[in-house]
$ cat my_file31.txt   # compact mmCIF, N, CA and C atoms
# COMPACT_ATOMS: atom_id res chain seq x y z
N MET A 1 101.07 90.28 114.73
CA MET A 1 102.34 89.60 114.92
C MET A 1 103.46 90.51 114.44
N MET A 2 104.59 90.46 115.12
CA MET A 2 105.73 91.29 114.76
C MET A 2 106.37 90.76 113.48
N THR A 3 106.71 91.67 112.58
CA THR A 3 107.32 91.27 111.33
C THR A 3 108.85 91.36 111.45
N PRO A 4 109.59 90.71 110.55
CA PRO A 4 111.04 90.73 110.63
C PRO A 4 111.62 92.15 110.56
N GLY A 5 111.04 93.03 109.75
CA GLY A 5 111.55 94.40 109.64
C GLY A 5 111.39 95.17 110.93
N THR A 6 110.25 95.03 111.58
CA THR A 6 110.02 95.70 112.85
C THR A 6 110.93 95.13 113.92
N ALA A 7 111.11 93.82 113.94
CA ALA A 7 112.02 93.19 114.90
C ALA A 7 113.44 93.71 114.70
N ALA A 8 113.83 93.91 113.46
CA ALA A 8 115.17 94.42 113.18
C ALA A 8 115.38 95.81 113.74
N VAL A 9 114.35 96.67 113.65
CA VAL A 9 114.45 98.02 114.20
C VAL A 9 114.70 97.96 115.70
N LEU A 10 113.88 97.21 116.42
CA LEU A 10 114.06 97.11 117.86
C LEU A 10 115.35 96.37 118.20
N SER A 11 115.72 95.39 117.42
CA SER A 11 116.97 94.67 117.68
C SER A 11 118.16 95.61 117.62
N MET A 12 118.16 96.52 116.65
CA MET A 12 119.26 97.49 116.55
C MET A 12 119.28 98.39 117.76
N VAL A 13 118.12 98.85 118.20
CA VAL A 13 118.06 99.77 119.33
C VAL A 13 118.37 99.06 120.63
N LEU A 14 117.79 97.88 120.85
CA LEU A 14 117.98 97.16 122.11
C LEU A 14 119.25 96.31 122.11
N GLY A 15 119.77 96.00 120.93
CA GLY A 15 120.95 95.17 120.85
C GLY A 15 120.68 93.69 121.05
N VAL A 16 119.43 93.27 120.89
CA VAL A 16 119.05 91.87 121.06
C VAL A 16 117.97 91.53 120.04
N SER A 17 117.78 90.23 119.80
CA SER A 17 116.70 89.86 118.90
C SER A 17 115.39 89.86 119.67
N LEU A 18 114.30 90.10 118.97
CA LEU A 18 112.99 90.19 119.60
C LEU A 18 112.13 88.99 119.26
N LEU A 19 111.31 88.62 120.22
CA LEU A 19 110.39 87.52 120.02
C LEU A 19 109.04 88.05 119.58
N PRO A 20 108.32 87.32 118.74
CA PRO A 20 106.98 87.76 118.36
C PRO A 20 106.08 87.84 119.60
N THR A 21 105.09 88.69 119.51
CA THR A 21 104.16 88.87 120.62
C THR A 21 102.76 89.05 120.08
N GLY A 22 101.79 88.85 120.93
CA GLY A 22 100.40 89.05 120.55
C GLY A 22 99.94 90.47 120.80
N ALA A 23 100.86 91.38 121.14
CA ALA A 23 100.47 92.76 121.45
C ALA A 23 99.73 93.38 120.28
N THR A 24 98.62 93.98 120.59
CA THR A 24 97.88 94.70 119.56
C THR A 24 97.83 96.16 119.95
N ALA A 25 97.73 97.01 118.99
CA ALA A 25 97.70 98.43 119.27
C ALA A 25 96.72 99.11 118.34
N ILE A 26 96.23 100.23 118.80
CA ILE A 26 95.35 101.05 117.99
C ILE A 26 96.18 102.18 117.43
N GLU A 27 96.06 102.42 116.14
CA GLU A 27 96.82 103.52 115.54
C GLU A 27 96.16 104.84 115.88
N LYS A 28 96.99 105.80 116.25
CA LYS A 28 96.55 107.15 116.55
C LYS A 28 97.51 108.10 115.86
N ALA A 29 97.01 109.22 115.39
CA ALA A 29 97.87 110.22 114.77
C ALA A 29 97.21 111.58 114.92
N GLY A 30 98.03 112.61 114.90
CA GLY A 30 97.49 113.96 114.99
C GLY A 30 98.50 114.94 115.51
N THR A 31 98.02 115.97 116.18
CA THR A 31 98.89 116.96 116.80
C THR A 31 98.45 117.14 118.25
N PHE A 32 99.40 117.54 119.08
CA PHE A 32 99.14 117.80 120.49
C PHE A 32 99.70 119.17 120.82
N GLN A 33 98.88 120.02 121.40
CA GLN A 33 99.31 121.37 121.80
C GLN A 33 99.26 121.45 123.31
N GLY A 34 100.43 121.51 123.95
CA GLY A 34 100.47 121.63 125.40
C GLY A 34 100.12 123.03 125.86
N GLU A 35 99.54 123.14 127.04
CA GLU A 35 99.15 124.43 127.59
C GLU A 35 100.39 125.28 127.85
N GLY A 36 100.40 126.50 127.32
CA GLY A 36 101.52 127.41 127.51
C GLY A 36 102.71 127.13 126.62
N VAL A 37 102.57 126.20 125.69
CA VAL A 37 103.67 125.84 124.79
C VAL A 37 103.40 126.47 123.44
N ASP A 38 104.43 127.07 122.82
CA ASP A 38 104.22 127.81 121.58
C ASP A 38 104.38 126.97 120.31
N PHE A 39 104.33 125.64 120.44
CA PHE A 39 104.39 124.78 119.25
C PHE A 39 103.50 123.57 119.47
N ALA A 40 103.06 122.97 118.38
CA ALA A 40 102.28 121.74 118.44
C ALA A 40 103.18 120.58 118.03
N VAL A 41 102.98 119.45 118.66
CA VAL A 41 103.77 118.25 118.36
C VAL A 41 102.94 117.34 117.47
N THR A 42 103.47 117.00 116.31
CA THR A 42 102.81 116.00 115.46
C THR A 42 103.24 114.63 115.96
N TYR A 43 102.33 113.66 115.84
CA TYR A 43 102.67 112.33 116.33
C TYR A 43 101.96 111.25 115.54
N TRP A 44 102.51 110.06 115.61
CA TRP A 44 101.91 108.83 115.10
C TRP A 44 102.21 107.77 116.14
N ALA A 45 101.20 107.01 116.53
CA ALA A 45 101.37 105.91 117.48
C ALA A 45 100.67 104.69 116.90
N GLY A 46 101.33 103.56 116.97
CA GLY A 46 100.70 102.39 116.41
C GLY A 46 101.39 101.09 116.73
N GLY A 47 101.00 100.09 115.97
CA GLY A 47 101.37 98.72 116.26
C GLY A 47 102.48 98.16 115.42
N VAL A 48 102.48 96.84 115.34
CA VAL A 48 103.58 96.13 114.74
C VAL A 48 103.16 95.20 113.60
N GLY A 49 101.95 95.39 113.08
CA GLY A 49 101.48 94.56 111.97
C GLY A 49 102.15 94.97 110.67
N HIS A 50 101.88 94.24 109.61
CA HIS A 50 102.51 94.52 108.32
C HIS A 50 102.23 95.93 107.83
N SER A 51 101.00 96.37 107.87
CA SER A 51 100.68 97.71 107.39
C SER A 51 101.26 98.77 108.32
N ALA A 52 101.23 98.51 109.62
CA ALA A 52 101.80 99.46 110.57
C ALA A 52 103.30 99.58 110.38
N GLU A 53 103.96 98.45 110.12
CA GLU A 53 105.41 98.49 109.90
C GLU A 53 105.74 99.33 108.68
N ARG A 54 105.00 99.12 107.60
CA ARG A 54 105.24 99.88 106.38
C ARG A 54 105.02 101.37 106.63
N GLU A 55 103.92 101.70 107.31
CA GLU A 55 103.62 103.10 107.61
C GLU A 55 104.67 103.69 108.54
N THR A 56 105.10 102.93 109.54
CA THR A 56 106.12 103.42 110.46
C THR A 56 107.41 103.73 109.71
N ALA A 57 107.83 102.84 108.84
CA ALA A 57 109.06 103.07 108.09
C ALA A 57 108.95 104.32 107.22
N GLU A 58 107.82 104.48 106.56
CA GLU A 58 107.63 105.65 105.70
C GLU A 58 107.51 106.93 106.52
N GLU A 59 106.72 106.88 107.58
CA GLU A 59 106.46 108.06 108.41
C GLU A 59 107.66 108.47 109.24
N SER A 60 108.48 107.52 109.69
CA SER A 60 109.53 107.84 110.65
C SER A 60 110.53 108.86 110.11
N ARG A 61 110.64 108.97 108.82
CA ARG A 61 111.55 109.97 108.25
C ARG A 61 111.11 111.39 108.56
N ASP A 62 109.83 111.57 108.85
CA ASP A 62 109.28 112.90 109.10
C ASP A 62 109.24 113.28 110.58
N TYR A 63 109.76 112.43 111.46
CA TYR A 63 109.68 112.67 112.90
C TYR A 63 111.08 112.71 113.50
N SER A 64 111.25 113.51 114.56
CA SER A 64 112.56 113.66 115.19
C SER A 64 112.83 112.63 116.29
N VAL A 65 111.78 111.98 116.80
CA VAL A 65 111.95 111.00 117.88
C VAL A 65 111.10 109.77 117.60
N ARG A 66 111.71 108.60 117.84
CA ARG A 66 110.98 107.33 117.75
C ARG A 66 111.08 106.68 119.12
N ILE A 67 109.92 106.39 119.73
CA ILE A 67 109.86 105.77 121.05
C ILE A 67 109.35 104.35 120.88
N LEU A 68 110.02 103.41 121.53
CA LEU A 68 109.66 102.00 121.45
C LEU A 68 109.43 101.47 122.87
N PHE A 69 108.42 100.62 123.03
CA PHE A 69 108.09 100.02 124.32
C PHE A 69 108.20 98.50 124.19
N ALA A 70 108.94 97.88 125.12
CA ALA A 70 109.16 96.43 125.06
C ALA A 70 109.30 95.87 126.47
N THR A 71 109.31 94.53 126.56
CA THR A 71 109.55 93.84 127.83
C THR A 71 111.00 93.40 127.89
N PRO A 72 111.49 92.99 129.08
CA PRO A 72 112.85 92.44 129.16
C PRO A 72 113.01 91.17 128.31
N GLU A 73 111.88 90.50 128.05
CA GLU A 73 111.91 89.29 127.23
C GLU A 73 111.90 89.63 125.74
N ARG A 74 112.00 90.89 125.41
CA ARG A 74 112.12 91.39 124.04
C ARG A 74 110.82 91.27 123.24
N ALA A 75 109.69 91.46 123.91
CA ALA A 75 108.40 91.49 123.23
C ALA A 75 107.86 92.92 123.27
N PHE A 76 107.12 93.30 122.26
CA PHE A 76 106.54 94.64 122.21
C PHE A 76 105.45 94.81 123.27
N LEU A 77 105.25 96.06 123.70
CA LEU A 77 104.17 96.40 124.63
C LEU A 77 103.27 97.44 124.00
N ALA A 78 101.98 97.22 124.15
CA ALA A 78 100.99 98.22 123.74
C ALA A 78 100.28 98.70 125.00
N ASN A 79 99.39 99.67 124.83
CA ASN A 79 98.61 100.22 125.94
C ASN A 79 99.49 100.87 126.99
N VAL A 80 100.43 101.68 126.53
CA VAL A 80 101.35 102.40 127.41
C VAL A 80 101.00 103.87 127.43
N GLY A 81 101.54 104.58 128.39
CA GLY A 81 101.36 106.02 128.48
C GLY A 81 102.70 106.71 128.30
N LEU A 82 102.67 107.92 127.78
CA LEU A 82 103.89 108.69 127.58
C LEU A 82 103.60 110.16 127.84
N THR A 83 104.47 110.80 128.61
CA THR A 83 104.42 112.24 128.82
C THR A 83 105.80 112.80 128.50
N VAL A 84 105.84 113.87 127.71
CA VAL A 84 107.09 114.55 127.38
C VAL A 84 106.97 115.98 127.89
N THR A 85 107.97 116.41 128.67
CA THR A 85 107.97 117.77 129.19
C THR A 85 109.20 118.52 128.69
N ASP A 86 109.05 119.84 128.56
CA ASP A 86 110.18 120.66 128.12
C ASP A 86 111.04 121.08 129.32
N ALA A 87 112.06 121.88 129.07
CA ALA A 87 112.99 122.30 130.12
C ALA A 87 112.31 123.09 131.23
N GLU A 88 111.16 123.71 130.93
CA GLU A 88 110.41 124.46 131.94
C GLU A 88 109.39 123.59 132.68
N GLY A 89 109.34 122.30 132.36
CA GLY A 89 108.42 121.39 133.03
C GLY A 89 107.01 121.37 132.46
N ARG A 90 106.80 122.02 131.31
CA ARG A 90 105.47 122.02 130.69
C ARG A 90 105.29 120.76 129.86
N ASP A 91 104.07 120.21 129.91
CA ASP A 91 103.76 119.06 129.05
C ASP A 91 103.71 119.52 127.60
N VAL A 92 104.59 118.95 126.78
CA VAL A 92 104.53 119.25 125.34
C VAL A 92 103.86 118.12 124.58
N PHE A 93 103.76 116.94 125.22
CA PHE A 93 103.07 115.81 124.60
C PHE A 93 102.62 114.86 125.69
N ARG A 94 101.41 114.29 125.49
CA ARG A 94 100.87 113.32 126.45
C ARG A 94 99.93 112.40 125.69
N ILE A 95 100.05 111.09 125.97
CA ILE A 95 99.15 110.12 125.34
C ILE A 95 99.00 108.91 126.26
N LEU A 96 97.83 108.30 126.23
CA LEU A 96 97.55 107.08 126.98
C LEU A 96 97.06 106.02 126.01
N GLY A 97 97.29 104.75 126.33
CA GLY A 97 96.78 103.66 125.51
C GLY A 97 97.42 103.57 124.15
N ALA A 98 98.72 103.81 124.07
CA ALA A 98 99.41 103.82 122.79
C ALA A 98 100.51 102.76 122.78
N GLY A 99 101.29 102.79 121.72
CA GLY A 99 102.44 101.90 121.59
C GLY A 99 102.11 100.69 120.73
N PRO A 100 103.08 99.91 120.45
CA PRO A 100 104.43 99.92 120.99
C PRO A 100 105.39 100.92 120.33
N VAL A 101 104.95 101.59 119.28
CA VAL A 101 105.80 102.58 118.61
C VAL A 101 105.10 103.93 118.64
N ILE A 102 105.84 104.97 119.03
CA ILE A 102 105.33 106.33 118.97
C ILE A 102 106.37 107.19 118.27
N LEU A 103 105.94 107.92 117.27
CA LEU A 103 106.81 108.86 116.55
C LEU A 103 106.39 110.27 116.90
N LEU A 104 107.37 111.14 117.22
CA LEU A 104 107.07 112.51 117.59
C LEU A 104 107.86 113.50 116.73
N GLY A 105 107.20 114.57 116.36
CA GLY A 105 107.85 115.67 115.65
C GLY A 105 108.15 116.80 116.63
N LEU A 106 109.20 116.63 117.42
CA LEU A 106 109.59 117.65 118.40
C LEU A 106 110.64 118.59 117.81
N PRO A 107 110.55 119.87 118.15
CA PRO A 107 111.61 120.79 117.73
C PRO A 107 112.88 120.56 118.56
N LYS A 108 113.97 121.15 118.10
CA LYS A 108 115.25 121.03 118.79
C LYS A 108 115.11 121.51 120.23
N GLY A 109 115.69 120.73 121.15
CA GLY A 109 115.64 121.11 122.56
C GLY A 109 115.91 119.93 123.46
N ALA A 110 115.82 120.18 124.77
CA ALA A 110 116.00 119.14 125.79
C ALA A 110 114.64 118.83 126.39
N TYR A 111 114.33 117.56 126.51
CA TYR A 111 113.03 117.13 126.99
C TYR A 111 113.20 115.99 128.00
N ALA A 112 112.23 115.85 128.89
CA ALA A 112 112.14 114.69 129.78
C ALA A 112 111.04 113.79 129.23
N PHE A 113 111.31 112.48 129.20
CA PHE A 113 110.35 111.49 128.71
C PHE A 113 109.99 110.58 129.88
N GLU A 114 108.68 110.41 130.12
CA GLU A 114 108.24 109.48 131.15
C GLU A 114 107.22 108.53 130.54
N GLY A 115 107.56 107.25 130.59
CA GLY A 115 106.67 106.22 130.09
C GLY A 115 106.04 105.47 131.26
N SER A 116 104.81 105.01 131.07
CA SER A 116 104.13 104.26 132.13
C SER A 116 103.42 103.05 131.54
N TYR A 117 103.41 101.97 132.33
CA TYR A 117 102.76 100.74 131.90
C TYR A 117 102.33 99.97 133.15
N HIS A 118 101.04 99.75 133.31
CA HIS A 118 100.48 98.99 134.42
C HIS A 118 101.01 99.44 135.78
N GLY A 119 101.05 100.73 136.00
CA GLY A 119 101.48 101.28 137.29
C GLY A 119 102.96 101.51 137.45
N ALA A 120 103.77 100.98 136.56
CA ALA A 120 105.22 101.20 136.61
C ALA A 120 105.56 102.40 135.73
N ALA A 121 106.57 103.16 136.14
CA ALA A 121 106.98 104.32 135.35
C ALA A 121 108.50 104.36 135.24
N HIS A 122 108.97 104.79 134.08
CA HIS A 122 110.40 105.02 133.85
C HIS A 122 110.55 106.41 133.27
N ARG A 123 111.64 107.08 133.65
CA ARG A 123 111.84 108.46 133.22
C ARG A 123 113.26 108.64 132.69
N TYR A 124 113.33 109.32 131.55
CA TYR A 124 114.59 109.81 131.01
C TYR A 124 114.57 111.32 131.27
N PRO A 125 115.35 111.82 132.25
CA PRO A 125 115.22 113.21 132.65
C PRO A 125 115.71 114.24 131.64
N ARG A 126 116.62 113.86 130.75
CA ARG A 126 117.13 114.84 129.78
C ARG A 126 117.51 114.14 128.48
N VAL A 127 116.68 114.32 127.48
CA VAL A 127 116.94 113.76 126.15
C VAL A 127 117.09 114.94 125.20
N LEU A 128 118.23 115.01 124.54
CA LEU A 128 118.47 116.09 123.58
C LEU A 128 117.91 115.68 122.22
N VAL A 129 117.09 116.55 121.66
CA VAL A 129 116.43 116.27 120.38
C VAL A 129 116.90 117.29 119.36
N ASP A 130 117.23 116.78 118.18
CA ASP A 130 117.59 117.63 117.05
C ASP A 130 116.95 117.01 115.81
N PRO A 131 116.00 117.70 115.18
CA PRO A 131 115.31 117.13 114.01
C PRO A 131 116.26 116.71 112.87
N ALA A 132 117.48 117.22 112.86
CA ALA A 132 118.42 116.83 111.81
C ALA A 132 118.90 115.39 111.99
N GLN A 133 118.71 114.82 113.18
CA GLN A 133 119.13 113.44 113.45
C GLN A 133 118.11 112.79 114.39
N ARG A 134 117.34 111.85 113.85
CA ARG A 134 116.28 111.23 114.65
C ARG A 134 116.87 110.56 115.89
N ARG A 135 116.16 110.69 116.98
CA ARG A 135 116.56 110.14 118.27
C ARG A 135 115.66 108.95 118.61
N ASP A 136 116.24 107.85 119.10
CA ASP A 136 115.47 106.70 119.56
C ASP A 136 115.45 106.68 121.08
N VAL A 137 114.27 106.45 121.65
CA VAL A 137 114.10 106.31 123.09
C VAL A 137 113.38 104.98 123.31
N VAL A 138 113.95 104.13 124.16
CA VAL A 138 113.39 102.80 124.39
C VAL A 138 113.02 102.65 125.86
N PHE A 139 111.79 102.24 126.11
CA PHE A 139 111.31 101.94 127.45
C PHE A 139 111.15 100.44 127.57
N VAL A 140 111.67 99.86 128.65
CA VAL A 140 111.54 98.43 128.90
C VAL A 140 110.79 98.26 130.23
N PHE A 141 109.65 97.57 130.18
CA PHE A 141 108.80 97.34 131.34
C PHE A 141 108.57 95.85 131.51
N PRO A 142 108.53 95.37 132.76
CA PRO A 142 108.12 93.97 132.96
C PRO A 142 106.66 93.82 132.57
N GLU A 143 106.30 92.68 132.01
CA GLU A 143 104.93 92.47 131.55
C GLU A 143 104.03 92.04 132.68
$ encode --input "my_file31.txt" --output "structure tokens"
Amino acid sequence: MMTPGTAAVLSMVLGVSLLPTGATAIEKAGTFQGEGVDFAVTYWAGGVGHSAERETAEESRDYSVRILFATPERAFLANVGLTVTDAEGRDVFRILGAGPVILLGLPKGAYAFEGSYHGAAHRYPRVLVDPAQRRDVVFVFPE
């Protein structure tokens, strides 16, 4: 179940209050090294439970990008896919079956973000990332 602190984070980003949801997620963490890319991306992906919220709040300080997945009805989504490409079109990060929160440690640069959920895809073609100021990216998909 979504906790008030997690709802507040998404509420600030989406500008609306969020409803609790039964979305469950599996926590994943590690590094991803894209082919032909000279850096590895550290990441954390997980859910909205009490322990996940606490970990997300603590961990998010160490990441340059926070990605959130939700529905138009303001509920969290899990089991999403995400691909991040650099300016040269190389995959710098890719994950399936994650969400509703993904934290990425990307170096400074311009990236394209593409999220997918149940066959639908949304793309942000140019997101500027600077580790000195965390960037929020929100994907909204119909459930």
$ closest_residue --input "my_file31.txt" --among "A:Ala132, A:Leu103, A:Val65, A:Ala87" --to "Val37 in chain A" --atoms "only C-alpha atoms"
A:Ala87
$ residues_around --input "my_file31.txt" --residues "His118 in chain A" --least-positions-apart "2" --cutoff "7 Å" --atoms "all atoms listed in the file" --output "PyMOL selection string"
chain A and resi 79-81+116+120-121
$ closest_residue --input "my_file31.txt" --among "A:Val127, A:Glu35, A:Pro100, A:Tyr43" --to "Arg74 in chain A" --atoms "only C-alpha atoms"
A:Pro100
$ closest_residue --input "my_file31.txt" --among "A:Phe139, A:Phe76, A:Phe69, A:Trp44" --to "Leu104 in chain A" --atoms "all atoms listed in the file"
A:Trp44
$ residues_around --input "my_file31.txt" --residues "Gly105 in chain A" --least-positions-apart "2" --cutoff "6.5 Å" --atoms "only N, CA and C atoms" --output "PDB file with N, CA and C atoms, in the coordinates of the input"
ATOM      1  N   ALA A  40     103.060 122.970 118.380  1.00  0.00           N
ATOM      2  CA  ALA A  40     102.280 121.740 118.440  1.00  0.00           C
ATOM      3  C   ALA A  40     103.180 120.580 118.030  1.00  0.00           C
ATOM      4  N   VAL A  41     102.980 119.450 118.660  1.00  0.00           N
ATOM      5  CA  VAL A  41     103.770 118.250 118.360  1.00  0.00           C
ATOM      6  C   VAL A  41     102.940 117.340 117.470  1.00  0.00           C
ATOM      7  N   THR A  42     103.470 117.000 116.310  1.00  0.00           N
ATOM      8  CA  THR A  42     102.810 116.000 115.460  1.00  0.00           C
ATOM      9  C   THR A  42     103.240 114.630 115.960  1.00  0.00           C
ATOM     10  N   TYR A  43     102.330 113.660 115.840  1.00  0.00           N
ATOM     11  CA  TYR A  43     102.670 112.330 116.330  1.00  0.00           C
ATOM     12  C   TYR A  43     101.960 111.250 115.540  1.00  0.00           C
ATOM     13  N   ASP A  62     109.830 111.570 108.850  1.00  0.00           N
ATOM     14  CA  ASP A  62     109.280 112.900 109.100  1.00  0.00           C
ATOM     15  C   ASP A  62     109.240 113.280 110.580  1.00  0.00           C
ATOM     16  N   TYR A  63     109.760 112.430 111.460  1.00  0.00           N
ATOM     17  CA  TYR A  63     109.680 112.670 112.900  1.00  0.00           C
ATOM     18  C   TYR A  63     111.080 112.710 113.500  1.00  0.00           C
ATOM     19  N   SER A  64     111.250 113.510 114.560  1.00  0.00           N
ATOM     20  CA  SER A  64     112.560 113.660 115.190  1.00  0.00           C
ATOM     21  C   SER A  64     112.830 112.630 116.290  1.00  0.00           C
ATOM     22  N   VAL A  65     111.780 111.980 116.800  1.00  0.00           N
ATOM     23  CA  VAL A  65     111.950 111.000 117.880  1.00  0.00           C
ATOM     24  C   VAL A  65     111.100 109.770 117.600  1.00  0.00           C
ATOM     25  N   LEU A 103     105.940 107.920 117.270  1.00  0.00           N
ATOM     26  CA  LEU A 103     106.810 108.860 116.550  1.00  0.00           C
ATOM     27  C   LEU A 103     106.390 110.270 116.900  1.00  0.00           C
ATOM     28  N   PRO A 107     110.550 119.870 118.150  1.00  0.00           N
ATOM     29  CA  PRO A 107     111.610 120.790 117.730  1.00  0.00           C
ATOM     30  C   PRO A 107     112.880 120.560 118.560  1.00  0.00           C
TER      31      PRO A 107
END
$ closest_residue --input "my_file31.txt" --among "A:Phe39, A:Lys28, A:Val129, A:Ala98" --to "Leu77 in chain A" --atoms "only N, CA and C atoms"
A:Ala98
$ residues_near_point --input "my_file31.txt" --point "(109.3, 103.4, 117.8)" --cutoff "5 Å" --atoms "all atoms listed in the file" --output "PDB file with N, CA and C atoms, in the coordinates of the input"
ATOM      1  N   ARG A  66     111.710 108.600 117.840  1.00  0.00           N
ATOM      2  CA  ARG A  66     110.980 107.330 117.750  1.00  0.00           C
ATOM      3  C   ARG A  66     111.080 106.680 119.120  1.00  0.00           C
ATOM      4  N   ILE A  67     109.920 106.390 119.730  1.00  0.00           N
ATOM      5  CA  ILE A  67     109.860 105.770 121.050  1.00  0.00           C
ATOM      6  C   ILE A  67     109.350 104.350 120.880  1.00  0.00           C
ATOM      7  N   LEU A  68     110.020 103.410 121.530  1.00  0.00           N
ATOM      8  CA  LEU A  68     109.660 102.000 121.450  1.00  0.00           C
ATOM      9  C   LEU A  68     109.430 101.470 122.870  1.00  0.00           C
ATOM     10  N   VAL A 101     104.950 101.590 119.280  1.00  0.00           N
ATOM     11  CA  VAL A 101     105.800 102.580 118.610  1.00  0.00           C
ATOM     12  C   VAL A 101     105.100 103.930 118.640  1.00  0.00           C
ATOM     13  N   ILE A 102     105.840 104.970 119.030  1.00  0.00           N
ATOM     14  CA  ILE A 102     105.330 106.330 118.970  1.00  0.00           C
ATOM     15  C   ILE A 102     106.370 107.190 118.270  1.00  0.00           C
TER      16      ILE A 102
END
